[in-house]
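For reference, final-v5.cif is printed below; it contains mmCIF, C-alpha atoms.
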```cif
data_query
#
loop_
_atom_site.label_atom_id
_atom_site.label_comp_id
_atom_site.auth_asym_id
_atom_site.auth_seq_id
_atom_site.Cartn_x
_atom_site.Cartn_y
_atom_site.Cartn_z
CA MET Z 1 92.94 81.72 107.88
CA ASN Z 2 94.12 81.76 104.30
CA ALA Z 3 97.75 81.76 103.23
CA GLN Z 4 98.18 85.54 102.90
CA GLU Z 5 96.66 86.19 106.32
CA ILE Z 6 99.05 83.75 107.99
CA ILE Z 7 102.04 85.30 106.25
CA ARG Z 8 100.92 88.82 107.16
CA SER Z 9 100.43 87.88 110.79
CA ILE Z 10 103.99 86.50 110.91
CA GLU Z 11 105.29 89.71 109.34
CA ALA Z 12 103.22 91.85 111.69
CA GLU Z 13 105.20 90.58 114.69
CA GLN Z 14 108.34 92.21 113.32
CA MET Z 15 106.93 95.35 111.74
CA LYS Z 16 107.57 98.65 113.46
CA THR Z 17 104.51 100.56 114.50
CA GLN Z 18 106.06 103.91 115.38
CA LEU Z 19 107.41 104.88 111.97
CA PRO Z 20 107.41 108.46 110.75
CA VAL Z 21 105.41 109.21 107.61
CA LEU Z 22 108.02 109.20 104.86
CA HIS Z 23 107.68 110.82 101.46
CA ILE Z 24 109.91 111.03 98.43
CA GLY Z 25 112.10 114.13 98.60
CA ASP Z 26 112.08 114.36 102.39
CA THR Z 27 115.36 114.72 104.19
CA VAL Z 28 115.68 112.04 106.83
CA LYS Z 29 118.13 111.21 109.54
CA VAL Z 30 118.54 107.46 109.87
CA ASN Z 31 120.16 106.10 113.02
CA VAL Z 32 121.79 102.79 112.16
CA ARG Z 33 123.07 100.28 114.68
CA ILE Z 34 126.61 99.29 113.78
CA ARG Z 35 128.54 96.48 115.39
CA GLU Z 36 132.29 97.02 115.56
CA GLY Z 37 134.53 94.56 117.37
CA GLY Z 38 131.82 93.24 119.66
CA LYS Z 39 130.61 96.72 120.59
CA GLU Z 40 127.50 98.34 119.25
CA ARG Z 41 127.16 102.00 118.41
CA ILE Z 42 124.75 104.17 116.51
CA GLN Z 43 125.71 105.95 113.32
CA ALA Z 44 123.55 108.61 111.73
CA PHE Z 45 123.06 108.92 108.01
CA GLU Z 46 121.24 112.01 106.80
CA GLY Z 47 120.11 112.56 103.25
CA THR Z 48 117.26 112.84 100.76
CA ILE Z 49 114.87 109.99 100.07
CA ILE Z 50 115.15 109.40 96.35
CA SER Z 51 113.27 106.13 96.13
CA MET Z 52 110.90 103.96 98.10
CA ALA Z 53 110.29 100.37 97.12
CA ARG Z 54 108.21 97.37 98.10
CA ALA Z 55 105.62 97.15 100.83
CA GLY Z 56 105.07 95.58 104.19
CA ILE Z 57 108.07 94.16 105.97
CA ASN Z 58 110.17 94.41 102.80
CA ARG Z 59 109.81 98.19 102.51
CA THR Z 60 113.03 99.96 101.62
CA VAL Z 61 114.05 103.59 101.23
CA THR Z 62 117.03 104.80 99.24
CA VAL Z 63 118.70 107.76 100.92
CA ARG Z 64 121.21 109.89 99.01
CA ARG Z 65 123.65 112.38 100.39
CA ILE Z 66 126.78 114.09 99.16
CA PHE Z 67 129.70 113.11 101.36
CA GLN Z 68 133.08 114.78 100.75
CA GLY Z 69 132.00 115.64 97.22
CA ILE Z 70 130.99 112.09 96.41
CA GLY Z 71 127.39 110.96 96.13
CA VAL Z 72 126.57 108.16 98.58
CA GLU Z 73 123.35 106.18 98.43
CA ARG Z 74 122.24 103.69 101.03
CA VAL Z 75 119.21 101.44 100.84
CA PHE Z 76 117.60 100.85 104.21
CA LEU Z 77 115.14 98.13 105.13
CA VAL Z 78 112.76 100.31 107.08
CA HIS Z 79 111.54 97.57 109.43
CA SER Z 80 114.98 96.15 110.16
CA PRO Z 81 116.01 96.11 113.82
CA ARG Z 82 119.34 97.56 112.67
CA ILE Z 83 117.54 100.83 112.00
CA GLU Z 84 117.34 102.32 115.47
CA SER Z 85 115.17 105.26 114.47
CA MET Z 86 114.28 107.55 111.58
CA THR Z 87 113.34 111.19 111.78
CA VAL Z 88 112.19 113.54 109.04
CA THR Z 89 114.20 116.73 109.27
CA ARG Z 90 112.88 118.55 106.20
CA LEU Z 91 109.84 118.05 104.00
CA GLY Z 92 110.51 118.03 100.27
CA LYS Z 93 108.30 119.22 97.45
CA VAL Z 94 108.81 117.06 94.40
CA ARG Z 95 106.75 115.96 91.41
CA ARG Z 96 108.26 112.54 90.81
CA ALA Z 97 108.15 109.16 92.56
CA LYS Z 98 111.85 108.48 91.97
CA LEU Z 99 114.43 111.24 92.19
CA TYR Z 100 117.11 109.52 90.15
CA TYR Z 101 117.70 112.79 88.25
CA LEU Z 102 119.55 114.05 91.33
CA ARG Z 103 122.38 111.66 90.49
CA ASP Z 104 123.24 113.70 87.40
CA ARG Z 105 123.32 116.98 89.28
CA ILE Z 106 126.03 118.52 91.36
CA GLY Z 107 126.25 121.37 93.84
CA LYS Z 108 123.31 123.68 94.34
CA ALA Z 109 121.22 121.88 91.70
CA THR Z 110 120.85 118.88 93.97
CA ARG Z 111 118.63 120.77 96.36
CA VAL Z 112 114.99 119.73 96.69
CA LYS Z 113 112.40 122.44 97.19
CA GLN Z 114 111.06 122.62 100.69
CA LYS Z 115 107.39 122.05 101.29
CA ILE Z 116 106.03 124.88 103.38
CA THR Z 117 102.56 123.58 104.17
CA ARG Z 118 102.61 121.12 106.99
CA ARG Z 119 101.33 117.68 106.21
CA ALA Z 120 98.97 115.93 108.54
CA ASN Z 121 101.52 113.87 110.38
CA MET K 1 114.89 58.15 106.56
CA SER K 2 113.05 59.24 109.65
CA LEU K 3 109.45 60.27 110.01
CA GLY K 4 108.58 63.67 108.63
CA ILE K 5 105.42 65.62 108.10
CA LEU K 6 103.24 66.71 105.19
CA GLY K 7 102.58 70.36 104.55
CA ARG K 8 101.18 72.99 102.26
CA LYS K 9 103.35 75.79 100.90
CA LEU K 10 101.80 79.14 101.79
CA GLY K 11 104.30 81.58 100.32
CA MET K 12 107.49 83.46 101.06
CA THR K 13 108.43 86.40 103.23
CA GLN K 14 111.44 87.52 105.18
CA ILE K 15 112.09 87.77 108.88
CA PHE K 16 114.87 89.36 110.89
CA ASP K 17 117.20 87.30 113.06
CA GLU K 18 118.68 88.48 116.36
CA GLU K 19 121.52 90.27 114.54
CA GLY K 20 119.09 92.14 112.32
CA ARG K 21 119.82 90.20 109.16
CA ALA K 22 116.86 89.66 106.85
CA ILE K 23 116.37 85.93 106.31
CA PRO K 24 114.26 84.81 103.34
CA VAL K 25 111.83 82.12 104.48
CA THR K 26 109.11 79.96 103.02
CA VAL K 27 106.02 79.65 105.19
CA VAL K 28 104.62 76.12 105.29
CA GLU K 29 101.44 74.98 106.96
CA ALA K 30 102.55 71.55 108.16
CA GLY K 31 100.22 69.03 109.69
CA PRO K 32 98.55 67.98 111.81
CA CYS K 33 98.89 64.68 110.01
CA SER K 34 97.36 61.45 111.14
CA VAL K 35 98.95 58.06 110.74
CA THR K 36 96.72 56.17 108.32
CA GLN K 37 98.66 52.94 108.02
CA VAL K 38 101.70 51.32 109.58
CA LYS K 39 103.55 48.98 107.26
CA SER K 40 105.62 46.22 108.77
CA GLU K 41 108.05 43.60 107.54
CA ALA K 42 105.55 40.84 108.26
CA THR K 43 102.57 42.19 106.31
CA ASP K 44 104.13 44.41 103.62
CA GLY K 45 107.74 43.30 103.28
CA TYR K 46 109.09 46.69 104.35
CA THR K 47 108.61 49.11 107.22
CA ALA K 48 107.00 52.50 106.68
CA VAL K 49 104.44 54.88 108.10
CA GLN K 50 101.72 56.36 105.92
CA LEU K 51 100.50 59.84 106.80
CA GLY K 52 97.33 61.60 105.77
CA PHE K 53 97.09 65.38 105.41
CA GLY K 54 94.32 67.85 104.67
CA THR K 55 90.61 67.18 104.52
CA ALA K 56 88.50 66.22 101.57
CA ARG K 57 84.79 65.65 101.00
CA GLU K 58 83.89 62.01 100.62
CA LYS K 59 82.51 62.82 97.18
CA VAL K 60 85.92 63.71 95.71
CA LEU K 61 87.60 60.52 96.90
CA THR K 62 87.14 56.99 95.63
CA ARG K 63 85.31 54.54 97.86
CA PRO K 64 88.49 52.55 98.57
CA GLU K 65 90.15 55.79 99.73
CA VAL K 66 87.23 56.62 102.02
CA GLY K 67 87.30 53.09 103.39
CA HIS K 68 91.03 53.31 103.97
CA CYS K 69 90.55 56.47 106.08
CA LYS K 70 87.68 54.86 108.01
CA LYS K 71 89.81 51.84 108.77
CA ALA K 72 92.48 54.10 110.29
CA GLY K 73 89.81 55.54 112.58
CA LEU K 74 89.84 59.11 111.19
CA GLU K 75 86.79 61.30 111.63
CA ALA K 76 87.23 63.04 108.24
CA PRO K 77 88.74 61.60 105.06
CA VAL K 78 92.15 63.02 104.11
CA ARG K 79 93.17 64.62 100.83
CA HIS K 80 96.78 63.44 100.61
CA LEU K 81 98.46 60.18 101.57
CA ARG K 82 102.24 59.84 101.63
CA GLU K 83 104.58 57.25 103.02
CA PHE K 84 107.79 57.65 105.01
CA ARG K 85 110.04 54.60 105.07
CA LEU K 86 111.50 53.98 108.51
CA PRO K 87 113.93 51.42 109.88
CA ASP K 88 111.36 50.63 112.59
CA SER K 89 107.67 51.51 112.41
CA SER K 90 106.40 49.58 115.45
CA GLN K 91 106.13 52.64 117.71
CA TYR K 92 103.37 54.20 115.56
CA THR K 93 99.69 53.27 115.54
CA PRO K 94 96.97 54.24 113.02
CA GLY K 95 95.09 57.35 114.07
CA GLN K 96 98.09 58.85 115.86
CA GLN K 97 98.62 62.60 115.31
CA ILE K 98 101.88 64.03 113.99
CA THR K 99 102.40 67.77 114.46
CA VAL K 100 105.09 70.34 113.75
CA ASP K 101 106.49 69.71 117.23
CA LEU K 102 108.57 67.13 115.40
CA PHE K 103 110.88 69.97 114.35
CA ALA K 104 112.79 72.64 116.21
CA ALA K 105 114.36 75.93 115.09
CA GLY K 106 117.87 75.45 113.75
CA GLN K 107 117.27 71.88 112.62
CA LEU K 108 118.22 70.79 109.09
CA VAL K 109 115.45 69.33 106.96
CA ASP K 110 114.96 67.84 103.50
CA VAL K 111 111.91 69.00 101.58
CA VAL K 112 110.27 67.12 98.72
CA GLY K 113 107.81 68.83 96.41
CA THR K 114 106.60 68.94 92.84
CA SER K 115 108.31 71.64 90.81
CA ILE K 116 106.35 74.24 88.85
CA GLY K 117 105.51 72.93 85.38
CA LYS K 118 107.13 74.89 82.57
CA GLY K 119 105.39 73.08 79.71
CA PHE K 120 107.29 72.28 76.52
CA ALA K 121 110.59 74.10 77.00
CA GLY K 122 113.53 74.54 74.63
CA GLY K 123 117.18 73.73 75.17
CA GLN K 124 118.11 77.11 76.65
CA LYS K 125 115.57 76.92 79.44
CA ARG K 126 115.54 73.17 80.00
CA HIS K 127 119.26 72.31 79.82
CA HIS K 128 120.98 75.72 79.98
CA PHE K 129 122.24 75.50 76.40
CA GLY K 130 123.85 78.56 74.88
CA ARG K 131 122.07 80.36 72.10
CA GLY K 132 123.04 81.50 68.63
CA PRO K 133 123.56 85.11 67.58
CA MET K 134 120.36 87.15 67.59
CA ALA K 135 121.38 89.47 64.70
CA HIS K 136 123.89 90.00 61.86
CA GLY K 137 121.89 87.77 59.53
CA SER K 138 121.86 84.80 61.87
CA LYS K 139 118.77 82.65 61.87
CA ASN K 140 120.15 80.25 64.48
CA HIS K 141 118.61 81.99 67.50
CA ARG K 142 117.46 79.35 69.96
CA ALA K 143 117.86 76.23 67.84
CA PRO K 144 119.36 73.14 69.51
CA GLY K 145 122.30 72.87 67.09
CA SER K 146 123.90 69.57 66.19
CA ILE K 147 122.45 66.51 67.89
CA GLY K 148 125.22 64.13 66.87
CA ALA K 149 127.54 62.88 64.11
CA GLY K 150 126.46 61.72 60.60
CA THR K 151 126.25 58.32 58.95
CA THR K 152 128.37 56.86 61.74
CA PRO K 153 126.63 56.19 64.13
CA GLY K 154 123.58 57.02 62.02
CA ARG K 155 121.33 57.55 65.04
CA VAL K 156 120.85 59.93 67.94
CA PHE K 157 122.18 58.56 71.20
CA PRO K 158 119.61 57.84 73.89
CA GLY K 159 119.49 60.49 76.57
CA LYS K 160 120.49 63.31 74.19
CA ARG K 161 119.31 66.51 75.83
CA MET K 162 116.59 68.05 73.72
CA PRO K 163 113.52 70.26 74.10
CA GLY K 164 110.57 68.74 75.90
CA ARG K 165 108.38 68.83 78.97
CA MET K 166 110.04 70.61 81.88
CA GLY K 167 109.10 70.88 85.52
CA ASN K 168 106.11 69.27 87.27
CA GLU K 169 108.36 66.57 88.66
CA ARG K 170 109.45 65.46 92.11
CA VAL K 171 112.22 67.67 93.47
CA THR K 172 114.11 67.23 96.73
CA VAL K 173 115.86 70.20 98.32
CA ARG K 174 118.26 69.02 100.98
CA LYS K 175 119.67 70.50 104.18
CA LEU K 176 117.45 73.53 104.65
CA THR K 177 117.40 75.27 108.00
CA VAL K 178 114.23 75.51 110.06
CA VAL K 179 114.03 79.13 111.16
CA ARG K 180 110.98 78.98 113.39
CA VAL K 181 108.20 76.59 114.38
CA ILE K 182 104.81 77.96 115.41
CA PRO K 183 102.96 74.96 116.89
CA GLU K 184 99.74 76.81 117.77
CA ARG K 185 99.20 77.64 114.08
CA ASN K 186 100.80 74.48 112.65
CA VAL K 187 103.25 76.67 110.74
CA ILE K 188 106.92 76.11 110.08
CA LEU K 189 109.32 78.64 108.54
CA ILE K 190 112.11 77.19 106.42
CA GLN K 191 115.01 79.26 105.14
CA GLY K 192 115.11 79.68 101.36
CA GLY K 193 112.80 78.69 98.56
CA LEU K 194 110.93 75.41 98.28
CA PRO K 195 109.85 73.58 95.13
CA GLY K 196 106.39 73.93 93.66
CA VAL K 197 103.51 76.32 93.50
CA GLU K 198 101.91 77.95 96.50
CA ASP K 199 99.29 75.60 97.97
CA GLY K 200 101.40 72.66 96.73
CA LEU K 201 102.00 69.56 98.84
CA LEU K 202 105.39 69.24 100.53
CA MET K 203 107.04 66.41 102.44
CA ILE K 204 109.33 67.69 105.18
CA SER K 205 111.64 65.29 106.97
CA PRO K 206 114.77 65.63 109.11
CA ALA K 207 117.86 65.93 106.89
CA LYS K 208 119.15 62.59 105.77
CA SER K 209 122.89 62.17 106.00
CA VAL K 210 124.24 60.65 102.82
CA GLY K 211 127.56 58.89 102.47
CA ARG K 212 130.08 57.90 105.06
CA ALA K 213 129.93 59.55 108.47
CA LYS K 214 132.77 61.97 109.15
CA GLY K 215 135.52 61.10 111.63
#
```
Can the structure in the file be given as structure tokens, please?
Amino acid sequence: MNAQEIIRSIEAEQMKTQLPVLHIGDTVKVNVRIREGGKERIQAFEGTIISMARAGINRTVTVRRIFQGIGVERVFLVHSPRIESMTVTRLGKVRRAKLYYLRDRIGKATRVKQKITRRAN
Amino acid sequence: MSLGILGRKLGMTQIFDEEGRAIPVTVVEAGPCSVTQVKSEATDGYTAVQLGFGTAREKVLTRPEVGHCKKAGLEAPVRHLREFRLPDSSQYTPGQQITVDLFAAGQLVDVVGTSIGKGFAGGQKRHHFGRGPMAHGSKNHRAPGSIGAGTTPGRVFPGKRMPGRMGNERVTVRKLTVVRVIPERNVILIQGGLPGVEDGLLMISPAKSVGRAKG
């Protein structure tokens, strides 16, 4: 085995196999495991995917939502065991790979058009 | 120093620990190494164990090197030979195999490698000098500046930091944590970055405690 194959096989042990197909502009609900005072609970974070970066075990998604009038962005390591699950709640129709323009918009302008046709999922 | 192992840097990745933290690791293919020579006080004046790692065609080695491998009773000649100095080398015999089982997860190790060569590098890169202004008429961008006083002393002091060859030298990184050992694939995962290019030779040994013991 060459170097890359060995590294990939080590990564493969920790990669999740049951991941939803994610696209830029989709609204996702991310269930995050949070440890508070020795106890573990699950917190949901729902928002629009504005960026996806890297590949393999390093894959991250940036999810943006407006919370109490303030924009909040969280970057999630998709394959992290701290991410309990991810579900796509709404498909977005966008023409860009990074939706950073949403940061400059407020109110109704932050909406992403919904994709009506169903993707092969 | 205690006996270590020779390895080949494969590359970096990250793995998750039991708390879900992403740990950056370097993947090293370490061993199996064979003992090629045992040096003793009586014959060599010091005690050490020489390890061989990797395989090479006889054609690429010199005849003394091939003969040295034959003498140790190896079936194939080895590419790399490195020595580990030990307080006592009598428990090792030529031909003995050393594998990654030497290490366990959580152990601290020292890693020696050859850093990536940077070629002829200037003061900013090589010694972290500051630079001059880039604009407003300045022409003193990345120049080294003054290298000493004038007529007295009338010379540049030895050791003055100046531009020159950088990298491609022996580097030791101390006290790195072993994250995981995979004996069936001869692979060891070490937290953090290691010196040198991918495919480069590394010497991994249990961390050496320096200075006076605590308590």
| field | Picked residues, the PyMOL selection byres ((chain Z) within 10 of (chain K)), as a list in words | value | Met1, Asn2, Ala3, Gln4, Glu5, Ile6, Ile7, Arg8, Ile10, Glu11, Glu13, Gln14, Met15, Arg33, Arg35, Gly56, Ile57, Asn58, Leu77, His79, Ser80, Pro81, Arg82 and Ile83 of chain Z
| field | Using only C-alpha atoms: which of Z:Glu84, Z:Glu46, Z:Glu73, Z:Glu40 has the shortest distance to Asp26 in chain Z | value | Z:Glu46
| request: Give as a ChimeraX atom specification the residues that the PyMOL selection byres ((chain K and resi 146) around 12) matches when applied to the coordinates above. | output: /K:123,129,140,143-145,147-150,156,160-162
| field | Atomic distance CA of Ser9 in chain Z - CA of Val78 in chain K, expressed in Å with one decimal | value | 27.0 Å
| task | Give me the result of the PyMOL selection byres ((chain K and resi 203) around 6) on this file, residue by residue, as a count of residues only. | result | 6
Can you report as AutoDock Vina command-line options the centre and edge lengths in Å, to one decimal, of an axis-aligned box around the listed atoms of range 95-113 of chain K padded with 8 Å on each side?
```
--center_x 106.7 --center_y 66.6 --center_z 106.8 --size_x 39.1 --size_y 34.6 --size_z 36.8
```
| message | Give me, as a count of residues only, all polymer residues having an atom no more than 12 Å from Arg96 in chain Z, counting all atoms listed in the file and skipping those fewer than 6 positions away in the same chain. | response | 9
| said: Rounded to one decimal, what separation in Å do you get between CA of Val88 in chain Z and CA of Arg105 in chain Z? | reply: 22.9 Å
| message | At a cut-off of 12 Å around the point (125.8, 63.4, 103.8) (file coordinates), what residues fall inside when counting only C-alpha atoms? I'd like the answer as a ChimeraX atom specification. | response | /K:108,110,174-175,207-214
| field | CA of Lys39 in chain Z to CA of Thr27 in chain Z, straight-line distance in Å | value | 28.7 Å
| request: Identify which of the residues Z:Ile106, Z:Ala53, Z:Val78, Z:Val72 lies closest to Pro20 in chain Z, counting all atoms listed in the file when measuring atom-to-atom distances. | output: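 Ranking Z:Ile106, Z:Ala53, Z:Val78, Z:Val72 by distance to Pro20 in chain Z, first place goes to Z:Val78.
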| message | Taking 5 positions as the minimum chain separation for residues in the same chain, which residues sit within 8 Å of Val28 in chain Z when counting all atoms listed in the file? Answer as a ChimeraX atom specification. | response | /Z:46-49,63,86-90
| said: as a PyMOL selection string, please: the residues near Cys69 in chain K (cut-off 12 Å, all atoms listed in the file, same-chain neighbours under 2 positions excluded). | reply: chain K and resi 34-37+50-53+55-58+61-67+71-81+94-95
| Near Arg74 in chain Z, within 9 Å and counting all atoms listed in the file, which residues show up once chain neighbours fewer than 4 positions away are dropped, as a ChimeraX atom specification? | /Z:45,61-65
| task | Would you mind telling me which residue in Z:Gly71, Z:Thr60, Z:Leu22, Z:Ala12 lies nearest to Gly92 in chain Z when using only C-alpha atoms? | result | Z:Leu22
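Take the candidates K:Met134, K:Lys139, K:Gly113, K:Arg126 and check each one against Gly196 in chain K using all atoms listed in the file; the shortest distance goes to K:Gly113.
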